[in-house]
Amino acid sequence: MLSKTIQDALNEQIQHEFSSAYAYLAMTAYFEDTNFPGFARWMRMQYDEEITHGMRLFDFVHARGGRAAVNGIDKPRADFESPVDVFQSALEQERRVTRLIYDLYELSQNEKDYGTLVELQWFITEQIEEEKIFEEIIETLNLAGDDHAALLLLDRQLGERKASTADA
Ligand SMILES: [Fe+2]
Ligand SMILES: [Fe+2]
């Protein structure tokens with residue numbers, strides 16, 4: 001059984017995961033609109049991943065005898081300067097989420113909720129992976145600069161992203 005404190009905190013994290021999904025959906029729309037189909041596809045898969053994260057916590061709350069909450073989501077940022085601006089914004093968002101998960105981890109430690117600690121370890125590993133991927137893409141985009149040929153090549157490369165099986 002979840003304590004009220006942990007249930008509320010998990011429900012907030014569900015909201016953050018769906019907010020992230022929504023932000024990635026706005027980024028998908030930006031890339032569709034600016035004719036980067038590969039980046040758009042990549043961001044759409046990122047959207048799918050965040051939905052998976054939200055649903056994973058949603059199911060976890062119920063598995064522990066709690067009640068998940070479906071809270072409102074703010075309108076995400078929709079306008080960007082360039083592809084690298086989008087990925088920078090995404091990296092900042094991931095770093096924010098990492099801090100939120102660390103806070104949740106600390107809270108679970110204080111509450112001695114060992115079940116939640118184990119569940120959160122999956123999210124900590126996932127955040128390390130996501131921050132690394134975004135940092136690598138930003139580095140490559142910075143190298144490409146304003147070179148259109150390099151940007152189109154990267155767009156094609158990211159468009160080949162395979163659905164991750166580790167998130168199921
Ligand atoms: Fe996530
Ligand atoms: Fe994420």
# chains A, B, ... in the order shown; residues from 1 in each chain; ligands from 1
>>> closest_atom_pairs(of="region 77-104 of chain A", to="region 118-137 of chain A", cutoff="9 Å", atoms="only C-alpha atoms", output="CSV")
residue,atom,partner,partner_atom,distance
A:Val84,CA,A:Ile137,CA,8.5
A:Phe87,CA,A:Phe134,CA,6.6
A:Gln88,CA,A:Phe134,CA,7.8
A:Ala90,CA,A:Phe134,CA,7.5
A:Leu91,CA,A:Phe134,CA,5.8
A:Glu92,CA,A:Glu131,CA,8.9
A:Glu94,CA,A:Glu131,CA,6.4
A:Arg95,CA,A:Glu131,CA,7.0
A:Val97,CA,A:Gln127,CA,7.9
A:Thr98,CA,A:Gln127,CA,5.9
A:Ile101,CA,A:Ile124,CA,7.1
A:Tyr102,CA,A:Ile124,CA,7.7
A:Leu104,CA,A:Leu120,CA,8.1
>>> residues_near_ligand(ligand="ligand 1", cutoff="7 Å", atoms="only C-alpha atoms and all ligand atoms", output="PDB file with all heavy atoms, in the first residue's frame")
ATOM      1  N   GLU A  17       5.655  13.267 -16.799  1.00  0.00           N
ATOM      2  CA  GLU A  17       5.940  12.415 -17.961  1.00  0.00           C
ATOM      3  C   GLU A  17       5.016  12.774 -19.132  1.00  0.00           C
ATOM      4  O   GLU A  17       5.450  12.846 -20.279  1.00  0.00           O
ATOM      5  CB  GLU A  17       5.797  10.924 -17.603  1.00  0.00           C
ATOM      6  CG  GLU A  17       6.760  10.430 -16.518  1.00  0.00           C
ATOM      7  CD  GLU A  17       8.232  10.465 -16.926  1.00  0.00           C
ATOM      8  OE1 GLU A  17       8.527  10.492 -18.131  1.00  0.00           O
ATOM      9  OE2 GLU A  17       9.084  10.475 -16.020  1.00  0.00           O
ATOM     10  N   SER A  20       6.111  16.013 -20.617  1.00  0.00           N
ATOM     11  CA  SER A  20       7.254  15.781 -21.507  1.00  0.00           C
ATOM     12  C   SER A  20       6.758  15.270 -22.847  1.00  0.00           C
ATOM     13  O   SER A  20       7.207  15.727 -23.907  1.00  0.00           O
ATOM     14  CB  SER A  20       8.213  14.743 -20.917  1.00  0.00           C
ATOM     15  OG  SER A  20       8.829  15.237 -19.762  1.00  0.00           O
ATOM     16  N   GLU A  49       7.662   7.341 -26.103  1.00  0.00           N
ATOM     17  CA  GLU A  49       8.403   6.852 -24.938  1.00  0.00           C
ATOM     18  C   GLU A  49       7.901   7.482 -23.655  1.00  0.00           C
ATOM     19  O   GLU A  49       7.775   6.828 -22.626  1.00  0.00           O
ATOM     20  CB  GLU A  49       9.898   7.163 -25.091  1.00  0.00           C
ATOM     21  CG  GLU A  49      10.635   6.108 -25.855  1.00  0.00           C
ATOM     22  CD  GLU A  49      12.108   6.037 -25.488  1.00  0.00           C
ATOM     23  OE1 GLU A  49      12.525   6.676 -24.486  1.00  0.00           O
ATOM     24  OE2 GLU A  49      12.841   5.348 -26.192  1.00  0.00           O
ATOM     25  N   GLU A  50       7.642   8.805 -23.712  1.00  0.00           N
ATOM     26  CA  GLU A  50       7.187   9.491 -22.499  1.00  0.00           C
ATOM     27  C   GLU A  50       5.792   9.017 -22.081  1.00  0.00           C
ATOM     28  O   GLU A  50       5.503   8.923 -20.889  1.00  0.00           O
ATOM     29  CB  GLU A  50       7.205  11.010 -22.690  1.00  0.00           C
ATOM     30  CG  GLU A  50       8.576  11.605 -22.988  1.00  0.00           C
ATOM     31  CD  GLU A  50       9.632  11.320 -21.922  1.00  0.00           C
ATOM     32  OE1 GLU A  50       9.280  10.921 -20.801  1.00  0.00           O
ATOM     33  OE2 GLU A  50      10.825  11.500 -22.222  1.00  0.00           O
ATOM     34  N   HIS A  53       6.383   5.966 -20.206  1.00  0.00           N
ATOM     35  CA  HIS A  53       6.849   6.254 -18.833  1.00  0.00           C
ATOM     36  C   HIS A  53       5.677   6.627 -17.926  1.00  0.00           C
ATOM     37  O   HIS A  53       5.586   6.156 -16.791  1.00  0.00           O
ATOM     38  CB  HIS A  53       7.851   7.425 -18.824  1.00  0.00           C
ATOM     39  CG  HIS A  53       9.100   7.161 -19.608  1.00  0.00           C
ATOM     40  ND1 HIS A  53      10.015   8.148 -19.901  1.00  0.00           N
ATOM     41  CD2 HIS A  53       9.580   6.028 -20.165  1.00  0.00           C
ATOM     42  CE1 HIS A  53      11.000   7.626 -20.611  1.00  0.00           C
ATOM     43  NE2 HIS A  53      10.771   6.343 -20.789  1.00  0.00           N
TER      44      HIS A  53
END
>>> closest_residue(among="A:His16, A:Arg156, A:Arg64, A:Arg56", to="ligand 2", atoms="only C-alpha atoms and all ligand atoms")
A:His16
>>> closest_residue(among="A:Arg77, A:Asn35, A:Val86, A:Arg96", to="ligand 2", atoms="only C-alpha atoms and all ligand atoms")
A:Arg96
>>> residues_around(residues="Tyr22 (chain A)", least_positions_apart="6", cutoff="10 Å", atoms="only C-alpha atoms", output="VMD selection string")
chain A and resid 16 28 47 to 48 50 to 51 73 to 77
>>> write_last_selection(atoms="C-alpha atoms", output="short mmCIF file (atom, residue, chain, number, x, y, z; two decimals), in the first residue's frame")
data_model
loop_
_atom_site.label_atom_id
_atom_site.label_comp_id
_atom_site.auth_asym_id
_atom_site.auth_seq_id
_atom_site.Cartn_x
_atom_site.Cartn_y
_atom_site.Cartn_z
CA HIS A 16 5.57 15.41 -15.63
CA THR A 28 7.33 16.96 -33.72
CA TYR A 47 6.62 11.32 -27.44
CA ASP A 48 5.67 7.61 -27.47
CA GLU A 50 7.19 9.49 -22.50
CA ILE A 51 3.65 8.13 -22.73
CA ILE A 73 -0.98 19.62 -18.61
CA ASP A 74 0.31 23.09 -19.49
CA LYS A 75 0.74 24.18 -23.08
CA PRO A 76 4.32 23.34 -24.12
CA ARG A 77 6.76 25.58 -25.97
#
